[in-house]
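Source file: work.cif (mmCIF, C-alpha atoms)
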```cif
data_run
loop_
_atom_site.label_atom_id
_atom_site.label_comp_id
_atom_site.auth_asym_id
_atom_site.auth_seq_id
_atom_site.Cartn_x
_atom_site.Cartn_y
_atom_site.Cartn_z
CA GLN G 1347 27.57 -49.14 -60.79
CA LYS G 1348 25.31 -46.81 -62.81
CA PHE G 1349 22.30 -48.30 -61.01
CA THR G 1350 23.73 -47.63 -57.53
CA ARG G 1351 24.79 -44.10 -58.53
CA HIS G 1352 21.20 -43.22 -59.46
CA ILE G 1353 19.96 -44.71 -56.16
CA HIS G 1354 22.50 -42.69 -54.15
CA ILE G 1355 21.53 -39.47 -55.93
CA LEU G 1356 17.85 -40.01 -55.12
CA LEU G 1357 18.59 -41.04 -51.51
CA ASN G 1358 20.70 -37.91 -51.01
CA ALA G 1359 17.88 -35.79 -52.40
CA PHE G 1360 15.43 -37.38 -49.95
CA LYS G 1361 17.87 -36.71 -47.09
CA GLN G 1362 18.19 -33.05 -48.11
CA ALA G 1363 14.41 -32.72 -48.21
CA SER G 1364 14.00 -34.40 -44.81
CA ASP G 1365 16.59 -31.96 -43.41
CA GLY G 1366 14.43 -29.04 -44.56
CA ASP G 1367 15.89 -28.21 -47.97
CA LEU G 1368 12.75 -28.05 -50.10
CA ASN G 1369 14.57 -26.45 -53.03
CA VAL G 1370 16.29 -29.71 -53.88
CA THR G 1371 15.57 -31.26 -57.30
CA VAL G 1372 17.00 -34.18 -59.25
CA ASP G 1373 17.65 -34.69 -62.94
CA ALA G 1374 14.46 -36.04 -64.50
CA THR G 1375 15.62 -36.14 -68.10
CA THR G 1376 16.95 -39.70 -68.01
CA PRO G 1377 14.77 -41.79 -70.40
CA ASN G 1378 14.32 -44.76 -68.05
CA GLU G 1379 12.73 -45.78 -64.76
CA PHE G 1380 15.08 -43.52 -62.81
CA GLY G 1381 13.96 -40.54 -64.83
CA GLN G 1382 10.36 -41.39 -63.93
CA LEU G 1383 11.24 -41.77 -60.24
CA ASN G 1384 13.05 -38.44 -60.29
CA ARG G 1385 10.10 -36.72 -61.95
CA HIS G 1386 7.80 -38.02 -59.21
CA PHE G 1387 10.27 -36.82 -56.58
CA ASN G 1388 10.35 -33.32 -58.10
CA GLN G 1389 6.56 -33.26 -58.30
CA MET G 1390 6.33 -34.29 -54.65
CA ILE G 1391 8.68 -31.47 -53.60
CA GLN G 1392 6.67 -28.98 -55.68
CA LYS G 1393 3.38 -30.10 -54.11
CA LEU G 1394 4.94 -29.87 -50.64
CA ASN G 1395 6.13 -26.32 -51.35
CA ASN G 1396 2.68 -25.39 -52.64
CA LEU G 1397 1.08 -26.83 -49.51
CA ILE G 1398 3.42 -24.90 -47.22
CA GLN G 1399 2.69 -21.69 -49.12
CA ARG G 1400 -1.06 -22.28 -48.87
CA VAL G 1401 -0.81 -22.98 -45.13
CA TYR G 1402 1.35 -19.89 -44.61
CA GLN G 1403 -1.10 -17.66 -46.48
CA SER G 1404 -4.00 -19.25 -44.63
CA GLN G 1405 -2.38 -18.50 -41.29
CA LEU G 1406 -1.88 -14.87 -42.31
CA LEU G 1407 -5.56 -14.54 -43.25
CA GLN G 1408 -6.61 -16.33 -40.07
CA LYS G 1409 -4.56 -13.90 -38.00
CA GLN G 1410 -6.04 -10.97 -39.92
CA SER G 1411 -9.54 -12.27 -39.14
CA GLU G 1412 -8.73 -12.73 -35.46
CA LEU G 1413 -7.19 -9.28 -35.16
CA LYS G 1414 -10.21 -7.71 -36.81
CA ALA G 1415 -12.47 -9.56 -34.37
CA LEU G 1416 -10.54 -8.14 -31.42
CA GLN G 1417 -10.33 -4.55 -32.77
CA ALA G 1418 -8.18 -3.42 -29.89
CA GLN G 1419 -4.49 -3.09 -29.09
CA ILE G 1420 -5.00 -4.23 -25.53
CA THR G 1421 -4.18 -7.59 -24.02
CA PRO G 1422 -7.21 -9.74 -24.96
CA HIS G 1423 -7.13 -11.68 -21.68
CA PHE G 1424 -7.20 -8.43 -19.72
CA LEU G 1425 -10.14 -7.19 -21.79
CA TYR G 1426 -11.93 -10.51 -21.32
CA ASN G 1427 -11.50 -10.35 -17.53
CA THR G 1428 -12.55 -6.69 -17.50
CA LEU G 1429 -15.77 -7.50 -19.35
CA ASN G 1430 -16.58 -10.18 -16.81
CA SER G 1431 -16.05 -7.64 -14.03
CA ILE G 1432 -18.34 -5.13 -15.76
CA SER G 1433 -20.97 -7.85 -16.20
CA TRP G 1434 -20.84 -8.75 -12.52
CA ARG G 1435 -21.12 -5.08 -11.52
CA ALA G 1436 -24.02 -4.52 -13.94
CA GLN G 1437 -25.90 -7.49 -12.47
CA LEU G 1438 -25.50 -6.12 -8.95
CA GLN G 1439 -27.05 -2.83 -10.12
CA GLY G 1440 -29.88 -4.54 -12.01
CA CYS G 1441 -28.56 -3.63 -15.47
CA ASN G 1442 -29.26 -7.02 -16.98
CA ASP G 1443 -29.01 -5.82 -20.60
CA VAL G 1444 -25.51 -4.47 -20.04
CA SER G 1445 -24.52 -7.67 -18.26
CA ALA G 1446 -25.81 -9.86 -21.12
CA MET G 1447 -23.93 -7.79 -23.73
CA CYS G 1448 -20.70 -8.02 -21.72
CA VAL G 1449 -21.05 -11.80 -21.41
CA ALA G 1450 -21.69 -12.10 -25.17
CA LEU G 1451 -18.70 -9.91 -26.04
CA ALA G 1452 -16.49 -11.80 -23.59
CA THR G 1453 -17.51 -15.06 -25.28
CA LEU G 1454 -16.58 -13.61 -28.68
CA LEU G 1455 -13.16 -12.65 -27.36
CA ARG G 1456 -12.58 -16.00 -25.69
CA LYS G 1457 -13.43 -17.87 -28.88
CA SER G 1458 -11.23 -15.65 -31.05
CA ILE G 1459 -8.14 -16.05 -28.85
CA GLY G 1460 -8.65 -19.67 -27.88
CA ASP G 1461 -7.71 -22.76 -29.90
CA LYS G 1462 -5.19 -21.83 -32.58
CA SER G 1463 -6.37 -24.53 -34.97
CA PRO G 1464 -7.86 -22.95 -38.13
CA PHE G 1465 -10.81 -25.37 -37.84
CA ILE G 1466 -13.70 -25.40 -35.38
CA SER G 1467 -16.76 -27.60 -34.91
CA ILE G 1468 -20.01 -26.27 -36.30
CA ALA G 1469 -21.47 -26.40 -32.77
CA ALA G 1470 -18.68 -24.14 -31.47
CA GLU G 1471 -18.97 -21.79 -34.47
CA MET G 1472 -22.71 -21.46 -33.84
CA GLU G 1473 -22.03 -20.62 -30.18
CA TYR G 1474 -19.68 -17.87 -31.37
CA LEU G 1475 -22.31 -16.63 -33.85
CA ASN G 1476 -25.06 -16.64 -31.20
CA SER G 1477 -22.90 -14.43 -28.96
CA TYR G 1478 -22.57 -11.95 -31.83
CA LEU G 1479 -26.34 -12.10 -32.47
CA THR G 1480 -27.02 -11.39 -28.78
CA ILE G 1481 -25.12 -8.10 -29.11
CA GLN G 1482 -26.94 -7.16 -32.34
CA LYS G 1483 -30.32 -7.90 -30.78
CA TYR G 1484 -29.83 -5.03 -28.33
CA ARG G 1485 -29.33 -2.68 -31.27
CA TYR G 1486 -32.00 -3.92 -33.67
CA GLY G 1487 -34.48 -5.49 -31.25
CA ASP G 1488 -36.92 -7.78 -33.07
CA ARG G 1489 -36.80 -5.81 -36.33
CA ILE G 1490 -34.11 -8.08 -37.78
CA LYS G 1491 -35.06 -11.69 -37.24
CA VAL G 1492 -32.35 -14.35 -37.51
CA LEU G 1493 -33.66 -17.81 -38.35
CA LEU G 1494 -31.37 -20.78 -37.70
CA ASP G 1495 -32.03 -24.20 -39.22
CA ILE G 1496 -29.00 -26.34 -38.36
CA SER G 1497 -29.42 -30.10 -38.64
CA PRO G 1498 -28.20 -31.88 -35.46
CA GLU G 1499 -26.07 -34.28 -37.50
CA LEU G 1500 -24.00 -31.34 -38.73
CA GLN G 1501 -22.98 -30.14 -35.26
CA ASN G 1502 -19.87 -32.33 -35.01
CA PHE G 1503 -18.48 -31.56 -38.45
CA TYR G 1504 -15.64 -29.06 -38.69
CA ILE G 1505 -15.35 -25.88 -40.74
CA PRO G 1506 -12.75 -23.11 -41.00
CA LYS G 1507 -12.87 -20.92 -37.90
CA LEU G 1508 -14.67 -17.55 -38.00
CA ILE G 1509 -16.48 -17.90 -41.33
CA LEU G 1510 -20.15 -17.45 -40.38
CA GLN G 1511 -19.99 -14.35 -38.19
CA PRO G 1512 -18.30 -12.12 -40.84
CA ILE G 1513 -20.96 -13.11 -43.38
CA VAL G 1514 -23.83 -12.41 -40.97
CA GLU G 1515 -22.16 -9.14 -39.95
CA ASN G 1516 -22.01 -8.17 -43.62
CA SER G 1517 -25.80 -8.58 -43.76
CA PHE G 1518 -26.34 -6.36 -40.73
CA VAL G 1519 -23.96 -3.66 -41.99
CA HIS G 1520 -24.89 -3.54 -45.69
CA ALA G 1521 -28.38 -5.02 -46.08
CA PHE G 1522 -30.26 -3.13 -43.38
CA ASN G 1523 -30.31 0.34 -41.85
CA ASP G 1524 -31.30 1.36 -38.33
CA SER G 1525 -34.98 1.65 -39.23
CA SER G 1526 -35.56 -1.24 -41.65
CA ASP G 1527 -37.04 -4.64 -40.92
CA GLY G 1528 -35.83 -7.92 -42.36
CA TYR G 1529 -34.55 -11.39 -41.72
CA ILE G 1530 -31.38 -13.43 -42.03
CA PHE G 1531 -31.86 -17.14 -42.65
CA ILE G 1532 -29.04 -19.62 -42.01
CA LYS G 1533 -29.79 -23.14 -43.18
CA GLY G 1534 -27.50 -26.03 -42.36
CA VAL G 1535 -24.10 -24.40 -42.33
CA ILE G 1536 -23.57 -23.72 -45.99
CA GLN G 1537 -26.33 -21.24 -46.78
CA ASN G 1538 -26.92 -17.71 -45.58
CA HIS G 1539 -29.95 -15.73 -46.79
CA ASP G 1540 -31.16 -12.21 -46.02
CA ASN G 1541 -34.02 -10.14 -47.45
CA GLY G 1542 -32.18 -6.83 -47.57
CA SER G 1543 -31.68 -4.38 -50.41
CA GLY G 1544 -29.74 -6.70 -52.72
CA ILE G 1545 -26.18 -6.37 -53.98
CA PRO G 1546 -25.25 -5.02 -57.44
CA ALA G 1547 -23.20 -7.35 -59.66
CA GLU G 1548 -20.12 -5.11 -59.55
CA LYS G 1549 -20.36 -5.01 -55.74
CA ILE G 1550 -20.48 -8.83 -55.60
CA ALA G 1551 -17.30 -8.95 -57.69
CA SER G 1552 -15.55 -6.55 -55.32
CA LEU G 1553 -16.71 -8.50 -52.26
CA LEU G 1554 -15.04 -11.65 -53.61
CA ASP G 1555 -11.98 -9.88 -55.04
CA SER G 1556 -8.95 -11.90 -53.93
CA ASN G 1557 -6.51 -9.22 -55.09
CA PRO G 1558 -7.99 -5.80 -54.31
CA GLN G 1559 -6.08 -2.74 -55.54
CA ASN G 1560 -6.09 -1.10 -52.11
CA GLY G 1561 -4.71 -4.27 -50.51
CA LYS G 1562 -7.71 -4.55 -48.15
CA TYR G 1563 -9.91 -7.62 -48.34
CA SER G 1564 -13.61 -7.40 -47.60
CA ALA G 1565 -14.76 -9.66 -44.77
CA ILE G 1566 -16.38 -11.99 -47.31
CA ALA G 1567 -13.23 -12.09 -49.47
CA ASN G 1568 -11.23 -12.93 -46.34
CA VAL G 1569 -13.52 -15.87 -45.61
CA ASN G 1570 -13.50 -16.98 -49.24
CA ASN G 1571 -9.70 -16.87 -49.45
CA ARG G 1572 -9.22 -18.76 -46.21
CA ILE G 1573 -11.61 -21.52 -47.32
CA LYS G 1574 -9.78 -21.94 -50.63
CA LEU G 1575 -6.35 -21.92 -49.00
CA LEU G 1576 -7.37 -24.46 -46.37
CA LEU G 1577 -9.61 -26.72 -48.44
CA GLY G 1578 -8.81 -26.10 -52.12
CA ASP G 1579 -10.19 -24.10 -55.03
CA ASN G 1580 -13.27 -26.32 -55.37
CA TYR G 1581 -14.68 -24.74 -52.21
CA GLY G 1582 -15.55 -21.19 -51.19
CA ILE G 1583 -18.25 -18.54 -51.47
CA SER G 1584 -20.71 -17.72 -54.22
CA ILE G 1585 -23.35 -14.97 -54.11
CA GLN G 1586 -26.77 -14.65 -55.74
CA SER G 1587 -28.55 -11.34 -55.22
CA ASN G 1588 -31.79 -9.65 -56.25
CA ILE G 1589 -33.62 -6.71 -54.74
CA GLY G 1590 -35.16 -7.97 -51.54
CA HIS G 1591 -33.10 -11.15 -51.37
CA THR G 1592 -29.42 -12.07 -51.19
CA ALA G 1593 -28.10 -15.63 -50.80
CA ILE G 1594 -24.50 -16.30 -49.82
CA TYR G 1595 -23.49 -19.92 -50.36
CA VAL G 1596 -20.48 -21.31 -48.49
CA THR G 1597 -19.44 -24.64 -49.98
CA ILE G 1598 -17.17 -26.80 -47.83
CA PRO G 1599 -16.45 -30.54 -47.60
CA GLN G 1600 -17.56 -32.67 -44.67
CA GLN G 1601 -14.71 -32.77 -42.16
CA THR G 1602 -14.59 -34.77 -38.93
CA ALA G 1603 -12.52 -34.28 -35.79
CA ASP G 1604 -10.14 -36.98 -37.09
CA ASP G 1605 -9.61 -35.02 -40.32
CA VAL G 1606 -8.71 -31.93 -38.30
CA LYS G 1607 -6.34 -33.92 -36.05
CA LYS G 1608 -4.52 -35.22 -39.14
CA TYR G 1609 -4.26 -31.68 -40.54
CA ASN G 1610 -2.93 -30.26 -37.27
CA LEU G 1611 -0.41 -33.13 -36.97
CA MET G 1612 0.80 -32.48 -40.51
CA ILE G 1613 1.24 -28.77 -39.72
CA ASP G 1614 3.16 -29.61 -36.56
CA ASN G 1615 5.43 -31.98 -38.46
CA LEU G 1616 6.13 -29.28 -41.03
CA GLY G 1617 7.03 -26.86 -38.23
CA LEU G 1618 4.26 -24.43 -39.25
CA SER G 1619 2.17 -24.50 -36.08
#
```
Any chance you could give the structure as structure tokens?
Amino acid sequence: QKFTRHIHILLNAFKQASDGDLNVTVDATTPNEFGQLNRHFNQMIQKLNNLIQRVYQSQLLQKQSELKALQAQITPHFLYNTLNSISWRAQLQGCNDVSAMCVALATLLRKSIGDKSPFISIAAEMEYLNSYLTIQKYRYGDRIKVLLDISPELQNFYIPKLILQPIVENSFVHAFNDSSDGYIFIKGVIQNHDNGSGIPAEKIASLLDSNPQNGKYSAIANVNNRIKLLLGDNYGISIQSNIGHTAIYVTIPQQTADDVKKYNLMIDNLGLS
């Protein structure tokens, strides 16, 4: 009778959890096998709660990144269609530079409002980055050279969405001025180098600050936090900087399309999509 009572208690706890009550716990103080089972059950519930919290925070940061990319309180689809219209009109009038910039910006918008999965293939992320670089080229010309060295075998791996462009943008904004020359070197998908003015140690700390006093994350901190929330604390951004050279390392695990499908399915099953 005691045996069946313990079984019923654990089964009821599992039913409560499956019905959505993730605050349920069972007594784990019993000094026998049931106590051990109950401890494992409580640990499982705790890990599930931690996972949901991480996913929730990750979605908030992802949304923040997408909103910053849009930078407009106008229907994105309307803006996307408008840019295409401007591009078509510019081509008719021979303004090819304006047309190319509109196409690049429209591509940025389409990518930022498209697939809601937090992961994207490296090939797709590079397409997004190249659209951003097209726009910057019209401002800087050939003074800032961007060198890409992406191994073909990396193209089909998946990374968190919108992580490269904010890092490259940081180089354009902070490493160079409107009259300086330089280069940005992106090797594989986990290294980003520029030969700008360097970053002081205290500035590096503020860039990676996950709890800023003003409540505003830097673009790099946003990327770093999203990587850690999605993939764990073993991954993220580190920075090495000297005058004339700054290296930003983004460490992520190899993820395939199947890994992303499993993640998205898990999120759907948890009702967090």
Do you know which residues are at most 7 Å from Asp1495 (chain G) counting all atoms listed in the file, after dropping those on the same chain fewer than 2 positions away, and could you put them as a list in words? Leu1493, Ser1497, Ile1532, Lys1533 and Gly1534 of chain G
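As for CA of Arg1456 (chain G) and CA of Val1606 (chain G), they are spaced 20.7 Å apart.
Atom pair CA of Gln1399 (chain G) / CA of Leu1368 (chain G) has a distance of 11.9 Å (rounded to one decimal).
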Tell me which residues the PyMOL selection byres ((chain G and resi 1575-1577) around 8) grabs here, as a compact mmCIF listing (two decimals) with C-alpha atoms, keeping the file's coordinate frame.
```txt
# COMPACT_ATOMS: atom_id res chain seq x y z
CA ARG G 1400 -1.06 -22.28 -48.87
CA VAL G 1401 -0.81 -22.98 -45.13
CA GLN G 1403 -1.10 -17.66 -46.48
CA SER G 1404 -4.00 -19.25 -44.63
CA PRO G 1506 -12.75 -23.11 -41.00
CA ASN G 1571 -9.70 -16.87 -49.45
CA ARG G 1572 -9.22 -18.76 -46.21
CA ILE G 1573 -11.61 -21.52 -47.32
CA LYS G 1574 -9.78 -21.94 -50.63
CA GLY G 1578 -8.81 -26.10 -52.12
CA ASP G 1579 -10.19 -24.10 -55.03
CA ASN G 1580 -13.27 -26.32 -55.37
CA TYR G 1581 -14.68 -24.74 -52.21
CA ILE G 1598 -17.17 -26.80 -47.83
CA PRO G 1599 -16.45 -30.54 -47.60
```
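Across G:Val1519, G:Gly1366, G:Ala1446, G:Gly1528, the tightest approach to Ser1433 (chain G) is made by G:Ala1446 when counting all atoms listed in the file.
Minimum distance to Tyr1504 (chain G) across G:Asp1488, G:Glu1471, G:Asp1527, G:Asp1367 (counting only C-alpha atoms) occurs at G:Glu1471.
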Expand the PyMOL selection byres ((chain G and resi 1388) around 10) into the explicit residue set it covers here, and present it as a compact mmCIF listing (two decimals) with C-alpha atoms, keeping the file's coordinate frame.
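Saved file selection02.txt follows:
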```txt
# COMPACT_ATOMS: atom_id res chain seq x y z
CA ALA G 1359 17.88 -35.79 -52.40
CA LEU G 1368 12.75 -28.05 -50.10
CA ASN G 1369 14.57 -26.45 -53.03
CA VAL G 1370 16.29 -29.71 -53.88
CA THR G 1371 15.57 -31.26 -57.30
CA VAL G 1372 17.00 -34.18 -59.25
CA ASP G 1373 17.65 -34.69 -62.94
CA ALA G 1374 14.46 -36.04 -64.50
CA GLN G 1382 10.36 -41.39 -63.93
CA LEU G 1383 11.24 -41.77 -60.24
CA ASN G 1384 13.05 -38.44 -60.29
CA ARG G 1385 10.10 -36.72 -61.95
CA HIS G 1386 7.80 -38.02 -59.21
CA PHE G 1387 10.27 -36.82 -56.58
CA GLN G 1389 6.56 -33.26 -58.30
CA MET G 1390 6.33 -34.29 -54.65
CA ILE G 1391 8.68 -31.47 -53.60
CA GLN G 1392 6.67 -28.98 -55.68
CA LYS G 1393 3.38 -30.10 -54.11
CA LEU G 1394 4.94 -29.87 -50.64
```
